[in-house]
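Source file: entry08.csv. Holds: CSV, C-alpha atoms and all ligand atoms.
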chain,number,residue,atom,x,y,z
O,743,MET,CA,0.0,0.0,0.0
O,744,ARG,CA,1.3,3.4,-1.0
O,745,HIS,CA,1.8,5.8,1.9
O,746,LYS,CA,1.1,9.5,1.3
O,747,SER,CA,4.0,11.7,2.6
O,748,PRO,CA,3.0,14.5,5.0
O,749,HIS,CA,2.7,17.9,3.4
O,750,LEU,CA,5.6,20.2,4.3
O,751,TYR,CA,3.4,22.7,6.0
O,752,SER,CA,0.8,20.3,7.3
O,753,PRO,CA,-0.7,21.1,10.8
O,754,ASN,CA,1.0,18.0,12.2
O,755,ARG,CA,4.4,19.1,10.9
O,756,ILE,CA,4.0,22.6,12.3
O,757,ARG,CA,2.8,21.2,15.6
O,758,ARG,CA,6.0,19.1,15.9
O,759,VAL,CA,8.2,22.1,15.0
O,760,VAL,CA,6.7,24.4,17.6
O,761,GLY,CA,6.7,21.9,20.4
O,762,GLY,CA,3.5,19.9,20.4
O,763,GLU,CA,0.9,22.5,20.1
O,764,THR,CA,-0.8,23.7,16.9
O,765,PRO,CA,0.2,27.3,16.4
O,766,PRO,CA,-2.7,29.7,16.1
O,767,LEU,CA,-3.3,31.3,12.7
O,768,GLN,CA,-2.3,34.7,14.1
O,769,PHE,CA,1.1,33.2,15.1
O,770,VAL,CA,1.7,32.0,11.5
O,771,ILE,CA,0.6,35.2,9.9
O,772,SER,CA,2.7,37.4,12.3
O,773,ARG,CA,5.8,35.3,11.4
O,774,ILE,CA,5.1,35.7,7.7
O,775,ILE,CA,4.7,39.4,8.1
O,776,ILE,CA,7.9,39.7,10.1
O,777,MET,CA,9.8,37.7,7.5
O,778,CYS,CA,8.4,39.9,4.7
O,779,ALA,CA,9.4,43.1,6.6
O,780,ILE,CA,12.9,41.8,7.1
O,781,VAL,CA,13.4,40.9,3.5
O,782,THR,CA,11.9,44.3,2.4
O,783,ALA,CA,14.2,46.2,4.8
O,784,VAL,CA,17.3,44.4,3.6
O,785,LEU,CA,16.4,45.0,-0.1
O,786,CYS,CA,15.7,48.7,0.5
O,787,ALA,CA,18.7,49.2,2.7
O,788,THR,CA,21.1,47.7,0.2
O,789,PRO,CA,21.6,49.7,-3.0
O,790,ALA,CA,22.3,47.8,-6.1
O,791,TRP,CA,26.0,47.9,-7.1
O,792,CYS,CA,25.8,45.1,-9.6
O,793,PHE,CA,23.9,45.3,-13.0
O,794,PRO,CA,24.3,42.1,-14.9
O,795,PRO,CA,21.8,43.1,-17.7
O,796,TYR,CA,24.4,45.5,-19.1
O,797,ALA,CA,27.0,42.9,-19.6
O,798,LYS,CA,24.4,40.5,-21.0
O,799,TRP,CA,23.2,43.2,-23.5
O,800,ILE,CA,26.7,44.0,-24.6
O,801,SER,CA,27.4,40.3,-25.1
O,802,LYS,CA,24.2,39.8,-27.1
O,803,GLN,CA,24.7,42.9,-29.3
O,804,SER,CA,28.4,42.3,-30.1
O,805,LYS,CA,28.3,38.5,-30.0
O,806,MET,CA,31.4,38.7,-27.8
O,807,GLN,CA,31.5,37.4,-24.2
O,808,VAL,CA,31.7,40.4,-21.9
O,809,ASP,CA,31.9,40.1,-18.1
O,810,CYS,CA,31.7,42.5,-15.2
O,811,SER,CA,35.2,43.9,-15.8
O,812,TYR,CA,33.7,45.9,-18.7
O,813,CYS,CA,32.7,48.5,-16.0
O,814,HIS,CA,33.9,47.0,-12.7
O,815,MET,CA,37.3,46.6,-11.2
O,816,ASN,CA,36.8,42.9,-10.7
O,817,SER,CA,35.7,40.5,-13.4
O,818,GLN,CA,33.5,38.7,-10.8
O,819,GLY,CA,31.6,42.0,-10.1
O,820,PRO,CA,31.4,43.9,-6.8
O,821,THR,CA,30.2,41.1,-4.6
O,822,GLY,CA,33.1,39.4,-2.7
O,823,SER,CA,36.2,40.3,-0.8
O,824,GLY,CA,38.7,40.5,-3.7
O,825,VAL,CA,40.3,43.6,-5.2
O,826,GLY,CA,37.6,46.1,-6.1
O,827,GLN,CA,34.9,44.2,-4.3
O,828,LEU,CA,32.7,45.4,-1.6
O,829,GLY,CA,34.2,43.1,1.1
O,830,SER,CA,37.6,44.7,0.7
O,831,LEU,CA,36.6,48.3,1.0
O,832,SER,CA,37.4,50.7,3.8
O,833,GLU,CA,34.6,52.7,5.4
O,834,GLU,CA,35.8,55.8,3.6
O,835,GLN,CA,35.7,54.0,0.2
O,836,LYS,CA,32.2,52.8,0.9
O,837,THR,CA,31.0,56.4,1.0
O,838,LYS,CA,32.1,56.8,-2.6
O,839,LEU,CA,30.3,53.9,-4.2
O,840,ASP,CA,27.8,55.9,-6.1
O,841,THR,CA,30.2,58.6,-7.2
O,842,ALA,CA,32.6,59.0,-10.1
O,843,ASP,CA,35.4,57.9,-7.7
O,844,SER,CA,33.7,54.6,-7.0
O,845,PRO,CA,36.4,52.1,-5.9
O,846,ILE,CA,34.5,49.1,-7.4
O,847,LEU,CA,34.4,50.6,-10.9
O,848,ASN,CA,37.1,50.8,-13.6
O,849,SER,CA,37.8,54.0,-15.5
O,850,PHE,CA,34.9,53.4,-17.9
O,851,GLY,CA,32.4,52.7,-15.1
O,852,GLN,CA,33.5,55.8,-13.3
O,853,SER,CA,33.1,57.9,-16.5
O,854,ILE,CA,29.5,56.7,-16.8
O,855,ILE,CA,28.8,57.9,-13.3
O,856,LYS,CA,30.6,61.2,-14.0
O,857,ARG,CA,28.7,61.8,-17.3
O,858,LEU,CA,25.3,60.5,-16.6
O,859,GLY,CA,25.1,59.9,-12.8
O,860,TYR,CA,24.5,56.7,-10.8
O,861,GLN,CA,20.7,57.0,-11.1
O,862,ALA,CA,20.9,56.8,-14.9
O,863,VAL,CA,22.6,53.4,-14.5
O,864,VAL,CA,19.7,52.3,-12.2
O,865,ASP,CA,17.0,53.7,-14.4
O,866,ASN,CA,18.2,52.2,-17.7
O,867,VAL,CA,19.0,48.7,-16.4
O,868,ALA,CA,15.8,47.4,-18.1
O,869,ASP,CA,16.8,48.9,-21.4
O,870,PRO,CA,20.6,49.1,-21.7
O,871,ALA,CA,20.4,50.5,-25.2
O,872,LYS,CA,19.3,53.8,-23.8
O,873,LEU,CA,22.5,54.0,-21.7
O,874,ALA,CA,24.6,53.2,-24.8
O,875,ASP,CA,22.7,55.9,-26.7
O,876,ALA,CA,23.4,58.4,-24.0
O,877,LEU,CA,27.1,57.6,-24.3
O,878,LYS,CA,27.4,58.2,-28.0
O,879,SER,CA,28.7,61.8,-27.5
O,880,SER,CA,31.7,60.7,-25.4
O,881,ASP,CA,34.9,59.0,-26.3
O,882,LEU,CA,36.8,58.2,-23.1
O,883,ASP,CA,39.9,56.6,-24.8
O,884,GLY,CA,40.1,59.0,-27.7
O,885,ASP,CA,40.2,56.4,-30.4
O,886,GLY,CA,37.5,58.1,-32.4
O,887,ILE,CA,34.8,55.6,-31.5
O,888,ALA,CA,32.1,56.8,-29.2
O,889,ASP,CA,31.7,54.9,-25.9
O,890,GLY,CA,28.2,53.9,-26.7
O,891,VAL,CA,29.3,52.5,-30.1
O,892,GLU,CA,32.0,50.5,-28.4
O,893,MET,CA,29.4,49.1,-26.1
O,894,GLU,CA,27.4,47.9,-29.1
O,895,HIS,CA,30.6,46.3,-30.6
O,896,GLY,CA,31.8,44.8,-27.3
O,897,THR,CA,35.2,46.6,-27.5
O,898,LEU,CA,36.6,48.4,-24.5
O,899,ALA,CA,35.7,52.0,-24.2
O,900,ASN,CA,38.7,52.7,-21.9
O,901,ASP,CA,41.3,51.2,-24.2
O,902,PRO,CA,42.3,52.8,-27.5
O,903,GLU,CA,43.9,49.5,-28.6
O,904,SER,CA,40.4,47.9,-28.4
O,905,ALA,CA,38.1,49.2,-31.1
O,906,PRO,CA,36.0,48.0,-34.0
O,907,TRP,CA,38.6,48.3,-36.8
O,908,ASP,CA,36.2,48.8,-39.7
O,909,LEU,CA,34.9,51.9,-37.9
O,910,VAL,CA,38.5,53.0,-36.9
O,911,TRP,CA,39.6,53.0,-40.5
O,912,LYS,CA,36.5,55.0,-41.5
O,913,VAL,CA,37.2,57.6,-38.8
O,914,ARG,CA,40.9,57.8,-39.7
O,915,LEU,CA,39.9,58.3,-43.4
O,916,GLN,CA,37.5,61.1,-42.4
O,917,ARG,CA,40.1,62.7,-40.2
O,918,ASN,CA,42.8,62.7,-43.0
O,919,ILE,CA,40.6,63.2,-46.0
O,920,GLY,CA,42.4,66.4,-47.0
O,921,PHE,CA,45.8,64.6,-46.9
O,922,VAL,CA,44.4,61.7,-48.9
O,923,LEU,CA,42.9,64.0,-51.5
O,924,ALA,CA,46.2,65.9,-51.8
O,925,ILE,CA,48.0,62.6,-52.5
O,926,LEU,CA,45.5,61.5,-55.1
O,927,VAL,CA,45.6,64.9,-56.9
O,928,SER,CA,49.4,64.9,-56.8
O,929,GLY,CA,49.5,61.4,-58.3
O,930,LEU,CA,47.0,62.4,-61.0
O,931,LEU,CA,49.1,65.5,-61.9
O,932,ALA,CA,52.3,63.5,-62.0
O,933,PHE,CA,50.6,60.9,-64.3
O,934,VAL,CA,49.4,63.7,-66.6
O,935,GLY,CA,52.9,65.3,-66.6
O,936,LEU,CA,54.5,62.0,-67.5
O,937,ILE,CA,52.1,61.5,-70.4
O,938,GLY,CA,52.8,65.0,-71.7
O,939,LEU,CA,56.6,64.4,-71.3
O,940,SER,CA,56.4,61.1,-73.2
O,941,LYS,CA,54.6,62.8,-76.1
O,942,LYS,CA,57.3,65.5,-76.4
O,943,LEU,CA,60.0,62.9,-76.4
O,944,ARG,CA,58.6,61.0,-79.4
T,1,CA,CA,36.5,55.0,-27.7

Same coordinates, now as structure tokens:
Amino acid sequence: MRHKSPHLYSPNRIRRVVGGETPPLQFVISRIIIMCAIVTAVLCATPAWCFPPYAKWISKQSKMQVDCSYCHMNSQGPTGSGVGQLGSLSEEQKTKLDTADSPILNSFGQSIIKRLGYQAVVDNVADPAKLADALKSSDLDGDGIADGVEMEHGTLANDPESAPWDLVWKVRLQRNIGFVLAILVSGLLAFVGLIGLSKKLR
């Protein structure tokens, strides 16, 4: 004969847990309310310092695997006791977490806070493309590719050696278009001159 296992929260089980007496409904409800209050208080008291949706969005857009080190000091993110993680910070450093001098962020992360503010990071976490768009007027590493565009391509916005090369060549051509045209015109004139010279020598 098949025995039915007791339900996890059956009255018998609760009775055993609290010492032989069935807890009144008010007791159970009050405990649930207290637990909910504790969870809510913890969530409200702990600001978010980790935003995985951004790394996921960059990875999806660029088809390149990007981790927390795209913006953070530590590739594992801010949670932990390693370098650049919350557990290793002094009390003074903790006061700077949401500022442009945040000790858990690398130079790109800090530049985001400096340009847009910490709240913009929080507000756009559901739509990272908006944050990238807001960063298309800045070029932290000076390689000619906007920070927001580098996010879309998965290249590092704080490293001029990391950039989408097709766009880099386009930018370099635009920057040096005068020089390129001068070379083309000079080459054309030299070619015409050589043709004229060859006709005279015949
Ligand atoms: Ca750049």

request  = Enumerate residues in contact with ligand CA 1 (chain T): an atom-to-atom distance of at most 10 Å, counting all atoms listed in the file. Format the result as a list in words.
outcome  = Lys878, Ser880, Asp881, Leu882, Asp883, Gly884, Asp885, Gly886, Ile887, Ala888, Asp889, Gly890, Val891, Glu892, Met893, Thr897, Leu898, Ala899, Asn900, Asp901, Pro902, Glu903, Ser904, Ala905, Pro906 and Val910 of chain O

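Across the structure, CA of Arg857 in chain O and CA of Ala842 in chain O are spaced 8.7 Å apart.
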
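Minimum atom-to-atom distance to Ile800 in chain O, evaluated using only C-alpha atoms, belongs to O:Gly896 out of O:Trp907, O:Gln916, O:Gly826, O:Gly896.
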
Name the residues in contact with Val864 in chain O at a cut-off of 10 Å, using all atoms listed in the file, excluding same-chain residues fewer than 5 positions from it; report them as a PDB file with C-alpha atoms, in the frame of the given file.
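part-v6.pdb, written as the output of this step:
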ATOM      1  CA  PRO O 789      21.600  49.700  -3.000  1.00  0.00           C
ATOM      2  CA  ALA O 790      22.300  47.800  -6.100  1.00  0.00           C
ATOM      3  CA  TRP O 791      26.000  47.900  -7.100  1.00  0.00           C
ATOM      4  CA  CYS O 792      25.800  45.100  -9.600  1.00  0.00           C
ATOM      5  CA  PHE O 793      23.900  45.300 -13.000  1.00  0.00           C
ATOM      6  CA  GLY O 859      25.100  59.900 -12.800  1.00  0.00           C
TER       7      GLY O 859
END

query = Which distance in Å separates CA of Val934 in chain O and CA of Lys912 in chain O, to one decimal?
reply =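 These two atoms are separated by 29.5 Å.
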
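You will find CA of Asp875 in chain O at 13.0 Å from CA of Tyr796 in chain O.
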
request  = Find, counting all atoms listed in the file, the residue in O:Val863, O:Cys813, O:Leu939, O:Leu923 that gets nearest to Ala876 in chain O.
outcome  =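 The closest residue to Ala876 in chain O is O:Val863.
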
Could N, CA and C atoms be built for range 802-826 of chain O and written out as a PDB file, in the frame of the given file?
ATOM      1  N   LYS O 802      25.212  40.197 -26.078  1.00  0.00           N
ATOM      2  CA  LYS O 802      24.200  39.800 -27.100  1.00  0.00           C
ATOM      3  C   LYS O 802      24.390  40.720 -28.343  1.00  0.00           C
ATOM      4  N   GLN O 803      24.603  42.016 -28.139  1.00  0.00           N
ATOM      5  CA  GLN O 803      24.700  42.900 -29.300  1.00  0.00           C
ATOM      6  C   GLN O 803      25.984  42.637 -30.096  1.00  0.00           C
ATOM      7  N   SER O 804      27.070  42.387 -29.392  1.00  0.00           N
ATOM      8  CA  SER O 804      28.400  42.300 -30.100  1.00  0.00           C
ATOM      9  C   SER O 804      28.719  40.817 -30.416  1.00  0.00           C
ATOM     10  N   LYS O 805      27.969  39.878 -29.829  1.00  0.00           N
ATOM     11  CA  LYS O 805      28.300  38.500 -30.000  1.00  0.00           C
ATOM     12  C   LYS O 805      29.693  38.152 -29.445  1.00  0.00           C
ATOM     13  N   MET O 806      30.114  38.943 -28.475  1.00  0.00           N
ATOM     14  CA  MET O 806      31.400  38.700 -27.800  1.00  0.00           C
ATOM     15  C   MET O 806      31.066  38.574 -26.298  1.00  0.00           C
ATOM     16  N   GLN O 807      31.734  37.629 -25.645  1.00  0.00           N
ATOM     17  CA  GLN O 807      31.500  37.400 -24.200  1.00  0.00           C
ATOM     18  C   GLN O 807      32.066  38.499 -23.380  1.00  0.00           C
ATOM     19  N   VAL O 808      31.215  39.242 -22.716  1.00  0.00           N
ATOM     20  CA  VAL O 808      31.700  40.400 -21.900  1.00  0.00           C
ATOM     21  C   VAL O 808      31.308  40.049 -20.426  1.00  0.00           C
ATOM     22  N   ASP O 809      32.236  40.300 -19.497  1.00  0.00           N
ATOM     23  CA  ASP O 809      31.900  40.100 -18.100  1.00  0.00           C
ATOM     24  C   ASP O 809      31.882  41.399 -17.331  1.00  0.00           C
ATOM     25  N   CYS O 810      31.836  41.314 -16.002  1.00  0.00           N
ATOM     26  CA  CYS O 810      31.700  42.500 -15.200  1.00  0.00           C
ATOM     27  C   CYS O 810      32.819  43.501 -15.300  1.00  0.00           C
ATOM     28  N   SER O 811      33.989  43.012 -15.745  1.00  0.00           N
ATOM     29  CA  SER O 811      35.200  43.900 -15.800  1.00  0.00           C
ATOM     30  C   SER O 811      34.986  44.943 -16.937  1.00  0.00           C
ATOM     31  N   TYR O 812      33.927  44.859 -17.700  1.00  0.00           N
ATOM     32  CA  TYR O 812      33.700  45.900 -18.700  1.00  0.00           C
ATOM     33  C   TYR O 812      33.509  47.261 -17.997  1.00  0.00           C
ATOM     34  N   CYS O 813      32.906  47.247 -16.820  1.00  0.00           N
ATOM     35  CA  CYS O 813      32.700  48.500 -16.000  1.00  0.00           C
ATOM     36  C   CYS O 813      33.303  48.402 -14.637  1.00  0.00           C
ATOM     37  N   HIS O 814      33.461  47.181 -14.134  1.00  0.00           N
ATOM     38  CA  HIS O 814      33.900  47.000 -12.700  1.00  0.00           C
ATOM     39  C   HIS O 814      35.407  46.717 -12.653  1.00  0.00           C
ATOM     40  N   MET O 815      35.929  46.896 -11.455  1.00  0.00           N
ATOM     41  CA  MET O 815      37.300  46.600 -11.200  1.00  0.00           C
ATOM     42  C   MET O 815      37.586  45.091 -11.237  1.00  0.00           C
ATOM     43  N   ASN O 816      36.618  44.341 -10.769  1.00  0.00           N
ATOM     44  CA  ASN O 816      36.800  42.900 -10.700  1.00  0.00           C
ATOM     45  C   ASN O 816      35.884  42.185 -11.685  1.00  0.00           C
ATOM     46  N   SER O 817      36.433  41.219 -12.385  1.00  0.00           N
ATOM     47  CA  SER O 817      35.700  40.500 -13.400  1.00  0.00           C
ATOM     48  C   SER O 817      34.494  39.735 -12.833  1.00  0.00           C
ATOM     49  N   GLN O 818      34.552  39.465 -11.509  1.00  0.00           N
ATOM     50  CA  GLN O 818      33.500  38.700 -10.800  1.00  0.00           C
ATOM     51  C   GLN O 818      32.378  39.682 -10.336  1.00  0.00           C
ATOM     52  N   GLY O 819      32.544  40.990 -10.591  1.00  0.00           N
ATOM     53  CA  GLY O 819      31.600  42.000 -10.100  1.00  0.00           C
ATOM     54  C   GLY O 819      31.917  42.454  -8.720  1.00  0.00           C
ATOM     55  N   PRO O 820      31.060  43.248  -8.112  1.00  0.00           N
ATOM     56  CA  PRO O 820      31.400  43.900  -6.800  1.00  0.00           C
ATOM     57  C   PRO O 820      31.183  43.023  -5.599  1.00  0.00           C
ATOM     58  N   THR O 821      30.513  41.899  -5.739  1.00  0.00           N
ATOM     59  CA  THR O 821      30.200  41.100  -4.600  1.00  0.00           C
ATOM     60  C   THR O 821      31.387  40.126  -4.271  1.00  0.00           C
ATOM     61  N   GLY O 822      31.936  40.248  -3.055  1.00  0.00           N
ATOM     62  CA  GLY O 822      33.100  39.400  -2.700  1.00  0.00           C
ATOM     63  C   GLY O 822      34.041  40.221  -1.847  1.00  0.00           C
ATOM     64  N   SER O 823      35.197  39.654  -1.593  1.00  0.00           N
ATOM     65  CA  SER O 823      36.200  40.300  -0.800  1.00  0.00           C
ATOM     66  C   SER O 823      37.517  40.522  -1.530  1.00  0.00           C
ATOM     67  N   GLY O 824      37.477  40.357  -2.843  1.00  0.00           N
ATOM     68  CA  GLY O 824      38.700  40.500  -3.700  1.00  0.00           C
ATOM     69  C   GLY O 824      38.938  41.979  -3.991  1.00  0.00           C
ATOM     70  N   VAL O 825      39.932  42.196  -4.825  1.00  0.00           N
ATOM     71  CA  VAL O 825      40.300  43.600  -5.200  1.00  0.00           C
ATOM     72  C   VAL O 825      39.104  44.202  -5.963  1.00  0.00           C
ATOM     73  N   GLY O 826      38.741  45.402  -5.508  1.00  0.00           N
ATOM     74  CA  GLY O 826      37.600  46.100  -6.100  1.00  0.00           C
ATOM     75  C   GLY O 826      36.266  45.561  -5.798  1.00  0.00           C
TER      76      GLY O 826
END
